[in-house]
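This report concerns only the one structure given below.
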Amino acid sequence: MKHFLRMLIQVCLYFYCTFLWRCLKFVMRKLTGRCELQRICYNTKPGASRTMKIETSLRDSKSKLLQTSVSVHPDAIEKTIDDIMELKKINPDINPQLGISLQACLLQIVGYRNLIADVEKLRREPYDSDNPQHEEMLLKLWKFLKPNTPLESRISKQWCEIGFQGDDPKTDFRGMGLLGLYNLQYFAERDAAAAQQVLSDSLHPKCSKFSKADWEKKRMDKAIGYSFAIVGINITDLAYNLLVSGALKTHFYNIAPEAPTLSHFQQTFCYLMHEFHKFWIEEDPMDIMEFNRVREKFRKRIIKQLQNPDMALCPHFAASEGLINM
C-alpha cells in the first residue's frame with residue numbers, strides 16, 4: 001500500500017510539474033514575445049550551455065517535429081530548421097540569427113548521436129588477424145612506438161615491451177574491438193613524442209633500460225609501472241562510456257563548432273591517456289593491483305570537470321592542433 005501511494009504521489013508530482021512548466025513557458029512567451037528556443041539562443045552564449053538547453057527543449061517538446069529534430073539526418077537539418085521556424089511562426093528575415101544558431105546546435109546534437117554510432121561500430125568489430133588492414137595497423141603501432149627497434153616476428157614476446165599481455169596482441173583487443181587499436185595508433189602517430197615518453201615512463205624498472213639513478217632523478221619509484229597498451233585499451237573503455245553516457249557532451253559542444261567527429265573522440269582519448277599517466281604518478285600506488293582504485297578516482301575527477309558547462313578538455317599537445325575551436 002505504501003509503495004502504491006509513493007508511486008501515486010510521484011505520478012501526480014510529474015504531471016503537476018509538467019503542467020506548471022508549460023504554463024510558465026506560455027506566460028514567458030506572452031511577456032517576451034519569444035518562444036523558448038528564441039530565449040535560449042538570444043540569452044545563452046554559444047557552446048555547451050546553449051546546445052544542451054536547446055537539446056532538452058526539443059526533446060521535451062509536445063511537438064513531434066521538435067522531438068524528432070534531434071535525430072534527423074545531417075542533410076535534413078536545414079529543412080528541419082525551416083519547418084521549426086514555420087511551426088513557431090518566426091519570420092527568418094526578422095530573426096536571421098536564430099536560424100544560424102539553431103543550425104549550429106542541431107549539427108552538434110545530431111553529430112554527437114552519429115559519433116556514438118561510429119564509435120560503437122568500431123567497438124563491435126573484432127580484431128581479425130586474417131584482415132590485412134588490421135594487421136597493418138597493428139604493425140604500424142609498433143613502428144610508431146618503437147621506431148628504432150624492429151619487430152622480429154608477428155608472434156613475439158616483444159609485444160610485451162609496449163604493454164600487451166602475451167606474444168599475440170589480438171587477444172587483448174576483445175573488450176574494445178578495433179576501437180582500442182584505432183585509439184592507440186592515433187596517439188602513437190599523431191603525438192609520437194608524448195606517446196613514446198608515456199610508454200617509457202610506464203615501464204617497470206625491472207623491464208626498463210633506465211638505471212635506478214635515472215628513475216630516482218625522475219622521482220618515479222617502482223610502483224608506477226603499468227602495461228601501456230592494456231591501459232590504453234582500458235582508457236578507451238573509459239572514453240567510450242563517457243561518450244555513451246552523454247558526459248562528453250559538455251566537452252564536444254564546447255570544442256566542435258559543428259558536428260563532433262571520430263577525430264575529436266580520438267583526440268579526447270589522447271588527453272585522457274596523457275592525464276591518466278600524470279594522475280597515476282601523483283597517486284603513487286603501491287602496486288598494479290591498485291589500478292582499479294586509481295582509475296575510478298580518475299574517472300570521478302573527469303566527470304566532475306565535465307559537469308561544468310564551460311568545460312573543455314584542452315590538451316596542450318600535438319594531437320589537439322587544429323581541433324579546438326572555441
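Residue numbers start at 1 in each chain; chains themselves are named A, B, ... in the order of the C-alpha cells; ligands are numbered from 1 in the order shown.
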Need the shell around Thr56 in chain A: protein/DNA/RNA residues with any atom at most 10 Å away, counting only C-alpha atoms. Skip same-chain ones fewer than 5 positions apart. Format as a VMD selection string? chain A and resid 51 61 67 70
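Comparing the minimum interatomic distances between Ala192 in chain A and each of A:His73, A:Lys157, A:Lys170, A:Lys140, counting only C-alpha atoms, we find that A:Lys140 sits nearest.
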Shortest interatomic distance to Ile255 in chain A - which of A:Ile302, A:Met311, A:Leu107, A:Leu242, counting only C-alpha atoms: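 Selected residue with least distance to Ile255 in chain A: A:Met311.
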Set the distance at 9 Å and use only C-alpha atoms: which residues neighbour range 111-119 of chain A once local chain neighbours fewer than 4 positions away are removed? I'd like the list as a PyMOL selection string. chain A and resi 70-71+74+106-107+123-124+179+240+243-244+246+249+252-253+258-262+265
Residue selection dump (N, CA and C atoms) as an mmCIF file, in the first residue's frame:
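Result file selection_19.cif:
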data_model
loop_
_atom_site.group_PDB
_atom_site.id
_atom_site.type_symbol
_atom_site.label_atom_id
_atom_site.label_comp_id
_atom_site.auth_asym_id
_atom_site.auth_seq_id
_atom_site.Cartn_x
_atom_site.Cartn_y
_atom_site.Cartn_z
ATOM 1 N N VAL A 70 16.083 16.179 -33.218
ATOM 2 C CA VAL A 70 17.403 15.862 -32.649
ATOM 3 C C VAL A 70 17.997 14.596 -33.252
ATOM 4 N N SER A 71 17.233 13.905 -34.082
ATOM 5 C CA SER A 71 17.737 12.656 -34.670
ATOM 6 C C SER A 71 17.603 12.619 -36.192
ATOM 7 N N PRO A 74 21.912 14.564 -41.053
ATOM 8 C CA PRO A 74 22.589 15.867 -41.181
ATOM 9 C C PRO A 74 22.159 16.667 -42.410
ATOM 10 N N LEU A 106 21.911 22.036 -33.766
ATOM 11 C CA LEU A 106 21.459 20.745 -34.300
ATOM 12 C C LEU A 106 22.601 19.957 -34.919
ATOM 13 N N LEU A 107 23.544 20.646 -35.553
ATOM 14 C CA LEU A 107 24.712 19.957 -36.115
ATOM 15 C C LEU A 107 25.496 19.257 -35.005
ATOM 16 N N ARG A 123 33.879 -0.448 -31.987
ATOM 17 C CA ARG A 123 33.983 -1.270 -30.773
ATOM 18 C C ARG A 123 33.478 -2.689 -31.003
ATOM 19 N N ARG A 124 32.457 -2.810 -31.832
ATOM 20 C CA ARG A 124 31.861 -4.121 -32.072
ATOM 21 C C ARG A 124 32.624 -4.951 -33.115
ATOM 22 N N LEU A 179 38.308 -0.434 -31.831
ATOM 23 C CA LEU A 179 38.359 0.905 -31.262
ATOM 24 C C LEU A 179 39.638 1.103 -30.447
ATOM 25 N N TYR A 240 34.821 5.681 -24.064
ATOM 26 C CA TYR A 240 33.594 5.155 -24.673
ATOM 27 C C TYR A 240 32.398 5.352 -23.742
ATOM 28 N N LEU A 243 31.345 8.913 -23.475
ATOM 29 C CA LEU A 243 30.635 9.319 -24.688
ATOM 30 C C LEU A 243 29.192 8.840 -24.659
ATOM 31 N N VAL A 244 28.987 7.554 -24.417
ATOM 32 C CA VAL A 244 27.654 6.951 -24.458
ATOM 33 C C VAL A 244 26.748 7.515 -23.362
ATOM 34 N N GLY A 246 26.761 10.441 -22.274
ATOM 35 C CA GLY A 246 26.468 11.851 -22.539
ATOM 36 C C GLY A 246 27.367 12.806 -21.780
ATOM 37 N N LYS A 249 29.329 15.432 -23.759
ATOM 38 C CA LYS A 249 28.628 16.487 -24.499
ATOM 39 C C LYS A 249 29.188 17.864 -24.157
ATOM 40 N N PHE A 252 32.548 18.238 -26.095
ATOM 41 C CA PHE A 252 32.404 18.306 -27.549
ATOM 42 C C PHE A 252 31.600 19.525 -27.998
ATOM 43 N N TYR A 253 30.566 19.873 -27.261
ATOM 44 C CA TYR A 253 29.761 21.035 -27.643
ATOM 45 C C TYR A 253 30.546 22.336 -27.470
ATOM 46 N N GLU A 258 30.810 22.570 -35.128
ATOM 47 C CA GLU A 258 29.697 21.881 -35.792
ATOM 48 C C GLU A 258 29.597 20.463 -35.241
ATOM 49 N N ALA A 259 29.603 19.461 -36.103
ATOM 50 C CA ALA A 259 29.437 18.083 -35.633
ATOM 51 C C ALA A 259 30.751 17.516 -35.101
ATOM 52 N N PRO A 260 30.751 16.963 -33.889
ATOM 53 C CA PRO A 260 31.950 16.284 -33.396
ATOM 54 C C PRO A 260 32.209 15.019 -34.210
ATOM 55 N N THR A 261 33.475 14.734 -34.467
ATOM 56 C CA THR A 261 33.848 13.616 -35.331
ATOM 57 C C THR A 261 34.676 12.583 -34.569
ATOM 58 N N LEU A 262 35.022 11.513 -35.265
ATOM 59 C CA LEU A 262 35.856 10.471 -34.667
ATOM 60 C C LEU A 262 37.213 11.040 -34.262
ATOM 61 N N PHE A 265 36.972 12.457 -30.896
ATOM 62 C CA PHE A 265 36.945 11.400 -29.885
ATOM 63 C C PHE A 265 38.355 10.869 -29.639
#
Test item, alpha helix (DSSP H) assignment across range 87-296 of chain A, answer as an NGL selection string: :A and (87 or 96-124 or 132-145 or 177-190 or 192-202 or 212-217 or 228-245 or 249-255 or 262-283 or 291-296)
Provide the CA of Glu282 in chain A to CA of Ser227 in chain A distance in Å, to one decimal place. 17.4 Å
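Interatomic distance, CA of Met52 in chain A against CA of Ile109 in chain A: 8.3 Å.
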